[in-house]
$ cat query-v8.cif   # mmCIF, C-alpha atoms and all ligand atoms
data_query
loop_
_atom_site.label_atom_id
_atom_site.label_comp_id
_atom_site.auth_asym_id
_atom_site.auth_seq_id
_atom_site.Cartn_x
_atom_site.Cartn_y
_atom_site.Cartn_z
CA MET K 42 110.65 115.68 92.51
CA LYS K 43 111.50 113.91 95.74
CA ILE K 44 109.73 115.09 98.88
CA VAL K 45 110.16 114.34 102.59
CA ILE K 46 107.15 114.69 104.89
CA ALA K 47 108.27 114.42 108.52
CA GLY K 48 105.36 113.81 110.87
CA GLY K 49 103.44 112.21 108.01
CA SER K 50 101.17 110.27 110.36
CA GLY K 51 99.56 113.42 111.76
CA GLY K 52 96.41 115.09 110.46
CA ILE K 53 98.27 117.79 108.52
CA GLY K 54 101.25 115.61 107.54
CA ASN K 55 99.00 112.93 106.12
CA ALA K 56 96.99 115.48 104.13
CA PHE K 57 100.29 116.66 102.60
CA ILE K 58 101.07 113.07 101.59
CA GLU K 59 97.60 112.51 100.09
CA ALA K 60 97.74 115.74 98.06
CA LEU K 61 101.33 115.30 96.87
CA ALA K 62 100.96 111.61 95.97
CA ARG K 63 98.35 112.66 93.36
CA ARG K 64 100.81 114.95 91.57
CA PRO K 65 102.35 113.27 88.50
CA GLY K 66 105.59 115.30 88.81
CA ILE K 67 106.38 113.78 92.19
CA ARG K 68 108.49 110.68 91.95
CA GLN K 69 108.86 109.71 95.59
CA ILE K 70 107.57 110.74 99.00
CA ILE K 71 109.61 109.79 102.05
CA ALA K 72 107.25 109.87 105.03
CA THR K 73 108.13 109.56 108.70
CA CYS K 74 105.95 108.65 111.64
CA ASN K 75 106.71 108.50 115.33
CA ARG K 76 104.43 105.58 116.22
CA SER K 77 102.66 104.11 113.16
CA PRO K 78 102.14 105.14 109.51
CA ALA K 79 98.85 106.66 108.33
CA ALA K 80 96.36 104.06 107.10
CA ALA K 81 96.32 104.85 103.36
CA SER K 82 99.30 103.73 101.34
CA HIS K 83 100.48 104.86 97.92
CA SER K 84 103.09 103.26 95.69
CA LYS K 85 105.15 106.49 95.75
CA VAL K 86 105.27 106.67 99.54
CA ARG K 87 108.00 105.04 101.60
CA TRP K 88 107.44 105.09 105.36
CA TYR K 89 110.11 105.23 108.05
CA ARG K 90 109.49 105.10 111.79
CA LEU K 91 111.51 107.93 113.28
CA ASP K 92 111.58 109.79 116.58
CA LEU K 93 112.56 113.25 115.34
CA THR K 94 114.01 114.17 118.73
CA ASP K 95 116.57 111.32 118.60
CA GLU K 96 119.69 112.60 116.85
CA ALA K 97 121.28 109.19 116.22
CA ALA K 98 118.03 107.95 114.65
CA VAL K 99 117.72 111.06 112.44
CA ARG K 100 121.38 110.73 111.37
CA ASP K 101 121.06 107.04 110.43
CA TRP K 102 117.78 107.61 108.56
CA ALA K 103 119.18 110.63 106.68
CA ALA K 104 122.22 108.62 105.57
CA GLN K 105 119.91 106.35 103.54
CA LEU K 106 118.36 109.18 101.49
CA GLY K 107 119.38 110.71 98.18
CA GLU K 108 118.66 114.23 96.90
CA ILE K 109 115.60 116.07 98.24
CA ASP K 110 113.59 118.83 96.54
CA TRP K 111 111.19 119.66 99.39
CA LEU K 112 111.12 118.85 103.06
CA VAL K 113 107.95 119.60 105.02
CA ASN K 114 108.13 118.96 108.76
CA ALA K 115 104.61 118.60 110.18
CA ALA K 116 105.47 117.07 113.56
CA GLY K 117 104.53 118.75 116.80
CA ILE K 118 102.62 118.58 120.06
CA LEU K 119 100.21 120.91 121.87
CA HIS K 120 99.14 118.49 124.60
CA THR K 121 100.08 115.06 125.92
CA THR K 122 97.93 112.47 127.65
CA GLY K 123 98.56 113.97 131.06
CA GLN K 124 99.06 117.62 130.24
CA GLY K 125 97.33 120.35 128.24
CA PRO K 126 98.52 123.85 127.34
CA GLU K 127 98.77 126.16 130.36
CA LYS K 128 96.07 128.76 131.07
CA THR K 129 98.24 130.41 133.75
CA ILE K 130 101.85 130.43 134.95
CA ARG K 131 100.68 128.37 137.95
CA GLN K 132 100.26 125.37 135.62
CA ILE K 133 103.85 125.29 134.33
CA ASP K 134 105.26 121.78 134.46
CA PRO K 135 109.00 121.46 133.68
CA ALA K 136 108.68 118.07 131.98
CA PHE K 137 105.89 119.28 129.68
CA PHE K 138 107.80 122.48 128.90
CA LEU K 139 110.90 120.50 127.92
CA GLU K 140 108.89 117.95 125.91
CA SER K 141 107.22 120.80 123.99
CA MET K 142 110.64 122.30 123.28
CA SER K 143 112.16 119.02 122.14
CA THR K 144 109.22 118.02 119.92
CA ASN K 145 108.36 121.41 118.44
CA ALA K 146 111.76 123.08 118.06
CA LEU K 147 114.54 120.48 118.00
CA PRO K 148 113.45 118.33 114.99
CA ALA K 149 113.87 121.20 112.49
CA LEU K 150 117.47 121.62 113.68
CA LEU K 151 118.27 117.91 113.50
CA LEU K 152 116.65 117.60 110.06
CA ALA K 153 118.64 120.58 108.77
CA LYS K 154 121.89 119.29 110.30
CA HIS K 155 121.60 115.81 108.81
CA LEU K 156 119.86 116.60 105.50
CA HIS K 157 121.72 119.71 104.34
CA GLY K 158 123.88 117.71 101.90
CA LYS K 159 120.74 116.40 100.16
CA PHE K 160 119.86 119.96 99.04
CA ARG K 161 123.23 120.60 97.40
CA HIS K 162 121.87 119.85 93.90
CA GLY K 163 121.39 123.54 93.07
CA ARG K 164 117.73 123.28 91.96
CA PRO K 165 115.20 125.51 93.77
CA ALA K 166 114.23 123.64 96.93
CA VAL K 167 112.10 124.07 100.05
CA PHE K 168 112.78 123.39 103.74
CA ALA K 169 109.45 124.14 105.45
CA THR K 170 108.28 123.48 108.99
CA VAL K 171 104.71 123.80 110.19
CA SER K 172 104.92 126.30 113.05
CA ALA K 173 101.92 128.18 114.52
CA ARG K 174 100.80 131.79 114.60
CA VAL K 175 100.77 131.63 118.41
CA GLY K 176 104.57 131.28 118.20
CA SER K 177 104.79 134.87 116.97
CA ILE K 178 106.02 137.12 119.78
CA GLY K 179 104.85 140.25 117.94
CA ASP K 180 101.35 138.82 117.46
CA ASN K 181 100.84 137.59 121.07
CA ARG K 182 97.83 139.44 122.45
CA LEU K 183 96.01 136.70 124.38
CA GLY K 184 98.75 135.10 126.51
CA GLY K 185 98.45 131.55 127.85
CA TRP K 186 99.87 128.35 126.33
CA PHE K 187 103.40 129.14 127.62
CA SER K 188 105.10 125.91 126.56
CA TYR K 189 103.53 125.72 123.09
CA ARG K 190 104.09 129.43 122.35
CA ALA K 191 107.69 129.31 123.63
CA SER K 192 108.53 126.16 121.68
CA LYS K 193 107.10 127.56 118.43
CA ALA K 194 108.90 130.88 119.03
CA ALA K 195 112.11 128.86 119.51
CA LEU K 196 111.36 126.94 116.30
CA ASN K 197 110.81 130.22 114.45
CA MET K 198 114.15 131.59 115.66
CA CYS K 199 115.89 128.37 114.59
CA LEU K 200 114.37 128.63 111.10
CA LYS K 201 115.22 132.32 110.71
CA THR K 202 118.81 131.63 111.78
CA LEU K 203 119.03 128.64 109.43
CA ALA K 204 117.72 130.77 106.56
CA ILE K 205 120.55 133.26 107.13
CA GLU K 206 123.20 130.51 107.16
CA TRP K 207 121.79 128.71 104.11
CA ARG K 208 121.50 131.96 102.14
CA ARG K 209 125.33 131.67 102.02
CA THR K 210 125.81 127.91 101.88
CA LEU K 211 122.62 126.63 100.17
CA PRO K 212 121.19 129.64 98.30
CA ASN K 213 118.82 127.41 96.28
CA VAL K 214 116.76 126.53 99.40
CA ALA K 215 113.82 128.56 100.75
CA VAL K 216 113.65 127.99 104.52
CA VAL K 217 110.20 128.94 105.82
CA ALA K 218 107.88 128.60 108.81
CA LEU K 219 104.23 127.97 107.95
CA HIS K 220 101.01 128.68 109.86
CA PRO K 221 98.29 126.22 108.79
CA GLY K 222 95.29 127.98 110.34
CA THR K 223 93.22 126.16 112.97
CA THR K 224 92.85 122.71 111.50
CA ASP K 225 90.65 119.81 112.55
CA THR K 226 93.20 117.25 113.81
CA ALA K 227 93.89 115.33 117.03
CA LEU K 228 96.12 118.22 118.12
CA SER K 229 93.36 120.85 118.02
CA LYS K 230 90.41 118.57 118.97
CA PRO K 231 90.17 119.58 122.66
CA PHE K 232 90.28 123.30 121.78
CA GLN K 233 87.83 123.57 118.90
CA ARG K 234 84.81 124.80 120.90
CA ASN K 235 85.77 128.48 120.77
CA VAL K 236 86.86 128.53 117.13
CA PRO K 237 84.56 130.93 115.23
CA GLN K 238 82.37 129.32 112.59
CA GLY K 239 84.12 128.89 109.25
CA GLN K 240 87.57 129.18 110.81
CA LEU K 241 88.16 125.50 111.55
CA PHE K 242 89.75 124.06 108.41
CA SER K 243 89.79 120.47 107.24
CA PRO K 244 93.38 119.16 106.91
CA GLU K 245 92.77 118.89 103.14
CA TYR K 246 91.82 122.58 102.89
CA SER K 247 94.66 123.77 105.12
CA VAL K 248 97.17 121.75 103.11
CA SER K 249 95.80 122.93 99.76
CA CYS K 250 96.38 126.51 100.96
CA MET K 251 99.91 125.77 102.23
CA LEU K 252 100.73 124.00 98.95
CA ARG K 253 99.68 127.14 97.07
CA VAL K 254 102.24 129.00 99.20
CA LEU K 255 104.98 126.38 98.70
CA ASP K 256 104.37 126.10 94.94
CA THR K 257 105.13 129.79 94.45
CA LEU K 258 108.07 130.04 96.88
CA ARG K 259 111.39 131.25 95.51
CA PRO K 260 114.75 131.06 97.27
CA ALA K 261 114.40 134.85 97.79
CA ASP K 262 111.46 134.09 100.13
CA SER K 263 113.77 132.28 102.53
CA GLY K 264 113.48 133.42 106.15
CA GLU K 265 109.73 134.20 106.04
CA PHE K 266 106.93 133.11 108.39
CA ILE K 267 103.94 132.56 106.09
CA ALA K 268 100.28 131.84 106.89
CA PHE K 269 98.06 129.48 104.88
CA ASP K 270 96.62 132.47 102.97
CA GLY K 271 100.04 133.83 102.03
CA GLU K 272 100.09 136.54 104.73
CA ARG K 273 103.63 137.30 105.95
CA LEU K 274 103.47 137.01 109.75
CA PRO K 275 105.61 138.94 112.23
CA TRP K 276 108.21 136.81 114.01
N1 LIG J 1 95.91 121.55 114.00
C1 LIG J 1 96.03 122.87 114.18
O1 LIG J 1 95.03 123.59 114.39
C2 LIG J 1 97.39 123.51 114.12
C3 LIG J 1 97.46 124.91 114.20
C4 LIG J 1 98.71 125.53 114.16
C5 LIG J 1 99.86 124.76 114.01
N2 LIG J 1 99.75 123.39 113.95
C6 LIG J 1 100.99 122.62 113.84
O2 LIG J 1 100.88 121.71 112.76
C7 LIG J 1 101.73 120.58 112.98
C8 LIG J 1 100.94 119.31 112.70
O3 LIG J 1 99.93 119.20 113.67
P1 LIG J 1 98.59 118.33 113.45
O4 LIG J 1 97.47 119.25 113.72
O5 LIG J 1 98.67 117.57 112.19
O6 LIG J 1 98.73 117.36 114.73
P2 LIG J 1 98.67 115.77 114.88
O7 LIG J 1 97.60 115.21 114.04
O8 LIG J 1 98.62 115.54 116.35
O9 LIG J 1 100.08 115.29 114.29
C9 LIG J 1 101.28 115.50 115.00
C10 LIG J 1 102.38 114.73 114.35
O10 LIG J 1 103.58 114.92 115.09
C11 LIG J 1 104.23 113.67 115.21
N3 LIG J 1 105.15 113.63 116.35
C12 LIG J 1 104.93 113.97 117.63
N4 LIG J 1 106.03 113.75 118.36
C13 LIG J 1 106.98 113.28 117.50
C14 LIG J 1 108.33 112.85 117.63
N5 LIG J 1 108.98 112.87 118.80
N6 LIG J 1 108.97 112.40 116.51
C15 LIG J 1 108.35 112.34 115.33
N7 LIG J 1 107.09 112.75 115.14
C16 LIG J 1 106.41 113.20 116.21
C17 LIG J 1 103.09 112.68 115.37
O11 LIG J 1 103.54 111.35 115.11
P3 LIG J 1 102.77 110.08 115.74
O12 LIG J 1 101.30 110.30 115.54
O13 LIG J 1 103.32 108.95 114.93
O14 LIG J 1 103.15 110.10 117.18
C18 LIG J 1 102.15 113.21 114.30
O15 LIG J 1 102.56 112.73 113.04
C19 LIG J 1 102.23 120.70 114.43
O16 LIG J 1 103.53 121.23 114.43
C20 LIG J 1 101.28 121.74 115.04
O17 LIG J 1 101.87 122.45 116.09
C21 LIG J 1 98.55 122.75 113.99
#
$ encode --input "query-v8.cif" --output "C-alpha cells" --more "lines below"
Ligand SMILES: NC(=O)c1ccc[n+]([C@@H]2O[C@H](COP(=O)([O-])OP(=O)(O)OC[C@H]3O[C@@H](n4cnc5c(N)ncnc54)[C@H](OP(=O)(O)O)[C@@H]3O)[C@@H](O)[C@H]2O)c1
Amino acid sequence: MKIVIAGGSGGIGNAFIEALARRPGIRQIIATCNRSPAAASHSKVRWYRLDLTDEAAVRDWAAQLGEIDWLVNAAGILHTTGQGPEKTIRQIDPAFFLESMSTNALPALLLAKHLHGKFRHGRPAVFATVSARVGSIGDNRLGGWFSYRASKAALNMCLKTLAIEWRRTLPNVAVVALHPGTTDTALSKPFQRNVPQGQLFSPEYSVSCMLRVLDTLRPADSGEFIAFDGERLPW
C-alpha cells in the first residue's frame, strides 16, 4: 500500500506516520509538512515541504506521485500566533477568518483536484480529512469559535460534495471526514484546561482509534463524518 499523510509534521499527522510505518503491508508513506518534517525518520517515509493552500505547489508535488491507496489530510489551524478562536462575534478578524478557511477547507479540495488520477487503480481506497466535531452544524450547542467552526463546516460540505462526485467517477474511493476527539497537540494546548478527565487523548491513542475506523471503511461508507469511536456524526 502507498499512503499520503498531508500535515505529517503535526501532532496527529505524525502519529499516523509512526503507526503506519510499523505496518509491514505499507510500502511507502509520502508525508508533507508546511515548515519542517517531524523529528523521527523511517526508511519508508519520504518528506515533501508543501503549503497545502498553494495550488501551484500542490499541482507540481502531485505530478511526481504514482498510485495512492490512502490519503489522510491532517493539516489545520485553530489559532495563530496573534489570534485565538473567537469567544464572541466582537472578536471576528477578517484575516483570521480567511486564514482559517484557506487552511482548514481549501487543502482537501486542492488535494482531490490534483490527486484524483492517482486513485484510478480500482482497488478500494480512502480519501480522509481530519475535520472536527465542532464543524457539525447539527451538533453546535455551545457557540463560539466562529472561524474554526465555519471552516470545518465548509470542509465537511466540500467532502460530502466530493463523495457524491466520486461515487460516479471514482467509486472505489471512500471519502470521509474524521473527528479525532480532543487530542494533546500544539493545536489544542491552550484549550485543554476545561477538558474533562479522561477525555484528552494522546495522539497515539486518537490515531489508533481513527485507524480502526479507516481499516474497516468500504467504498459504501463514502460521504460519512465519523468520530474516533466509529460514531456517525451529523453534518
Ligand atoms: N488536537 C485536537 O484536539 C483536534 C480536535 C479536533 C480536530 N483536530 C484537527 O486535527 C488536525 C490535526 O491537528 P493537530 O492537533 O495535529 O494540530 P497540529 O499539531 O498543530 O498540526 C497541524 C498541522 O497542520 C499543518 N499546516 C498548517 N497550515 C498548513 C499549510 N498552509 N499547509 C500545510 N500544512 C499546514 C502544520 O504544518 P507545520 O507544523 O509544518 O506548519 C501541522 O502539520 C487539524 O485539522 C485539527 O483541526 C484536532
$ atom_distance --input "query-v8.cif" --atom1 "atom CA of Ser50 of chain K" --atom2 "atom O12 of ligand LIG 1 (chain J)"
5.2 Å
$ residues_around --input "query-v8.cif" --residues "Phe137 of chain K" --least-positions-apart "2" --cutoff "10 Å" --atoms "all atoms listed in the file" --output "PyMOL selection string"
chain K and resi 119-121+123-127+133-135+139-143+188-189
$ closest_atom_pairs --input "query-v8.cif" --of "chain K" --to "ligand LIG 1 (chain J)" --cutoff "9 Å" --atoms "all atoms listed in the file" --output "Markdown table"
| residue | atom | partner | partner_atom | distance |
| --- | --- | --- | --- | --- |
| K:Ala47 | CA | J:LIG1 | N7 | 6.9 |
| K:Gly48 | CA | J:LIG1 | O15 | 3.7 |
| K:Gly49 | CA | J:LIG1 | O15 | 5.1 |
| K:Ser50 | CA | J:LIG1 | O15 | 3.9 |
| K:Gly51 | CA | J:LIG1 | O9 | 3.2 |
| K:Gly52 | CA | J:LIG1 | O7 | 3.8 |
| K:Ile53 | CA | J:LIG1 | O5 | 3.7 |
| K:Gly54 | CA | J:LIG1 | O5 | 5.7 |
| K:Asn55 | CA | J:LIG1 | O5 | 7.6 |
| K:Ala56 | CA | J:LIG1 | O5 | 8.5 |
| K:Thr73 | CA | J:LIG1 | C15 | 7.2 |
| K:Cys74 | CA | J:LIG1 | O13 | 4.2 |
| K:Asn75 | CA | J:LIG1 | O13 | 3.4 |
| K:Arg76 | CA | J:LIG1 | O13 | 3.8 |
| K:Ser77 | CA | J:LIG1 | O13 | 5.2 |
| K:Pro78 | CA | J:LIG1 | O13 | 6.7 |
| K:Ala79 | CA | J:LIG1 | O13 | 8.3 |
| K:Arg90 | CA | J:LIG1 | O13 | 7.9 |
| K:Leu91 | CA | J:LIG1 | C15 | 5.8 |
| K:Asp92 | CA | J:LIG1 | N6 | 3.7 |
| K:Leu93 | CA | J:LIG1 | N6 | 3.9 |
| K:Thr94 | CA | J:LIG1 | N5 | 5.2 |
| K:Asp95 | CA | J:LIG1 | N5 | 7.7 |
| K:Asn114 | CA | J:LIG1 | O16 | 7.6 |
| K:Ala115 | CA | J:LIG1 | C7 | 4.5 |
| K:Ala116 | CA | J:LIG1 | O10 | 3.2 |
| K:Gly117 | CA | J:LIG1 | O16 | 3.6 |
| K:Ile118 | CA | J:LIG1 | O17 | 5.6 |
| K:Leu119 | CA | J:LIG1 | O17 | 6.2 |
| K:His120 | CA | J:LIG1 | O8 | 8.8 |
| K:Glu140 | CA | J:LIG1 | N5 | 8.7 |
| K:Ser143 | CA | J:LIG1 | N5 | 7.7 |
| K:Thr144 | CA | J:LIG1 | N5 | 5.3 |
| K:Asn145 | CA | J:LIG1 | O16 | 6.3 |
| K:Pro148 | CA | J:LIG1 | N6 | 7.6 |
| K:Thr170 | CA | J:LIG1 | O16 | 7.6 |
| K:Val171 | CA | J:LIG1 | O2 | 5.1 |
| K:Ser172 | CA | J:LIG1 | C5 | 5.4 |
| K:Ala173 | CA | J:LIG1 | C5 | 4.0 |
| K:Arg174 | CA | J:LIG1 | C4 | 6.6 |
| K:Val175 | CA | J:LIG1 | C4 | 7.7 |
| K:Tyr189 | CA | J:LIG1 | O17 | 7.9 |
| K:Lys193 | CA | J:LIG1 | O17 | 7.7 |
| K:Leu219 | CA | J:LIG1 | C5 | 8.1 |
| K:His220 | CA | J:LIG1 | C4 | 5.8 |
| K:Pro221 | CA | J:LIG1 | C4 | 5.4 |
| K:Gly222 | CA | J:LIG1 | C3 | 5.4 |
| K:Thr223 | CA | J:LIG1 | O1 | 3.4 |
| K:Thr224 | CA | J:LIG1 | O1 | 3.7 |
| K:Asp225 | CA | J:LIG1 | N1 | 5.7 |
| K:Thr226 | CA | J:LIG1 | O4 | 4.7 |
| K:Ala227 | CA | J:LIG1 | O7 | 4.8 |
| K:Leu228 | CA | J:LIG1 | O8 | 4.1 |
| K:Ser229 | CA | J:LIG1 | N1 | 4.8 |
| K:Lys230 | CA | J:LIG1 | N1 | 8.0 |
| K:Phe232 | CA | J:LIG1 | O1 | 8.8 |
| K:Gln233 | CA | J:LIG1 | O1 | 8.5 |
| K:Leu241 | CA | J:LIG1 | O1 | 7.7 |
| K:Phe242 | CA | J:LIG1 | O1 | 8.0 |
| K:Pro244 | CA | J:LIG1 | O5 | 7.6 |
$ write_last_selection --input "query-v8.cif" --atoms "C-alpha atoms" --output "short mmCIF file (atom, residue, chain, number, x, y, z; two decimals), in the coordinates of the input"
data_model
loop_
_atom_site.label_atom_id
_atom_site.label_comp_id
_atom_site.auth_asym_id
_atom_site.auth_seq_id
_atom_site.Cartn_x
_atom_site.Cartn_y
_atom_site.Cartn_z
CA ALA K 47 108.27 114.42 108.52
CA GLY K 48 105.36 113.81 110.87
CA GLY K 49 103.44 112.21 108.01
CA SER K 50 101.17 110.27 110.36
CA GLY K 51 99.56 113.42 111.76
CA GLY K 52 96.41 115.09 110.46
CA ILE K 53 98.27 117.79 108.52
CA GLY K 54 101.25 115.61 107.54
CA ASN K 55 99.00 112.93 106.12
CA ALA K 56 96.99 115.48 104.13
CA THR K 73 108.13 109.56 108.70
CA CYS K 74 105.95 108.65 111.64
CA ASN K 75 106.71 108.50 115.33
CA ARG K 76 104.43 105.58 116.22
CA SER K 77 102.66 104.11 113.16
CA PRO K 78 102.14 105.14 109.51
CA ALA K 79 98.85 106.66 108.33
CA ARG K 90 109.49 105.10 111.79
CA LEU K 91 111.51 107.93 113.28
CA ASP K 92 111.58 109.79 116.58
CA LEU K 93 112.56 113.25 115.34
CA THR K 94 114.01 114.17 118.73
CA ASP K 95 116.57 111.32 118.60
CA ASN K 114 108.13 118.96 108.76
CA ALA K 115 104.61 118.60 110.18
CA ALA K 116 105.47 117.07 113.56
CA GLY K 117 104.53 118.75 116.80
CA ILE K 118 102.62 118.58 120.06
CA LEU K 119 100.21 120.91 121.87
CA HIS K 120 99.14 118.49 124.60
CA GLU K 140 108.89 117.95 125.91
CA SER K 143 112.16 119.02 122.14
CA THR K 144 109.22 118.02 119.92
CA ASN K 145 108.36 121.41 118.44
CA PRO K 148 113.45 118.33 114.99
CA THR K 170 108.28 123.48 108.99
CA VAL K 171 104.71 123.80 110.19
CA SER K 172 104.92 126.30 113.05
CA ALA K 173 101.92 128.18 114.52
CA ARG K 174 100.80 131.79 114.60
CA VAL K 175 100.77 131.63 118.41
CA TYR K 189 103.53 125.72 123.09
CA LYS K 193 107.10 127.56 118.43
CA LEU K 219 104.23 127.97 107.95
CA HIS K 220 101.01 128.68 109.86
CA PRO K 221 98.29 126.22 108.79
CA GLY K 222 95.29 127.98 110.34
CA THR K 223 93.22 126.16 112.97
CA THR K 224 92.85 122.71 111.50
CA ASP K 225 90.65 119.81 112.55
CA THR K 226 93.20 117.25 113.81
CA ALA K 227 93.89 115.33 117.03
CA LEU K 228 96.12 118.22 118.12
CA SER K 229 93.36 120.85 118.02
CA LYS K 230 90.41 118.57 118.97
CA PHE K 232 90.28 123.30 121.78
CA GLN K 233 87.83 123.57 118.90
CA LEU K 241 88.16 125.50 111.55
CA PHE K 242 89.75 124.06 108.41
CA PRO K 244 93.38 119.16 106.91
#
$ atom_distance --input "query-v8.cif" --atom1 "atom CA of Val248 of chain K" --atom2 "atom CA of Glu59 of chain K"
9.7 Å
$ atom_distance --input "query-v8.cif" --atom1 "atom CA of Glu108 of chain K" --atom2 "atom CA of Leu252 of chain K"
20.5 Å
$ residues_around --input "query-v8.cif" --residues "Ala97 of chain K" --least-positions-apart "4" --cutoff "12 Å" --atoms "all atoms listed in the file" --output "ChimeraX atom specification"
/K:91-93,101-104,151-152,154-155
$ residues_around --input "query-v8.cif" --residues "Ala169 of chain K" --least-positions-apart "4" --cutoff "8 Å" --atoms "only C-alpha atoms" --output "NGL selection string"
:K and (111-114 or 215-219)
$ residues_around --input "query-v8.cif" --residues "Pro275 of chain K" --least-positions-apart "4" --cutoff "7 Å" --atoms "only C-alpha atoms" --output "short mmCIF file (atom, residue, chain, number, x, y, z; two decimals) with C-alpha atoms, in the coordinates of the input"
data_model
loop_
_atom_site.label_atom_id
_atom_site.label_comp_id
_atom_site.auth_asym_id
_atom_site.auth_seq_id
_atom_site.Cartn_x
_atom_site.Cartn_y
_atom_site.Cartn_z
CA SER K 177 104.79 134.87 116.97
CA GLY K 179 104.85 140.25 117.94
CA ASP K 180 101.35 138.82 117.46
#
$ residues_around --input "query-v8.cif" --residues "Ile178 of chain K" --least-positions-apart "6" --cutoff "9 Å" --atoms "all atoms listed in the file" --output "ChimeraX atom specification"
/K:190-191,194,275-276
$ closest_residue --input "query-v8.cif" --among "K:Ile267, K:Leu200, K:Ile109, K:Ile130" --to "Arg161 of chain K" --atoms "only C-alpha atoms"
K:Ile109
$ closest_residue --input "query-v8.cif" --among "K:Phe187, K:Asp270, K:Asn197, K:Ile71" --to "Gln132 of chain K" --atoms "only C-alpha atoms"
K:Phe187
$ closest_residue --input "query-v8.cif" --among "K:Pro231, K:Gly66, K:Gly264, K:Gly271" --to "Lys85 of chain K" --atoms "only C-alpha atoms"
K:Gly66
$ closest_residue --input "query-v8.cif" --among "K:Arg68, K:Pro260, K:Val45, K:Arg131" --to "Tyr89 of chain K" --atoms "all atoms listed in the file"
K:Val45
$ closest_residue --input "query-v8.cif" --among "K:His83, K:Lys43, K:Arg182, K:Lys201" --to "Ile67 of chain K" --atoms "all atoms listed in the file"
K:Lys43
$ closest_residue --input "query-v8.cif" --among "K:Gln69, K:Thr122, K:Thr210, K:Ser84" --to "Gly107 of chain K" --atoms "all atoms listed in the file"
K:Gln69
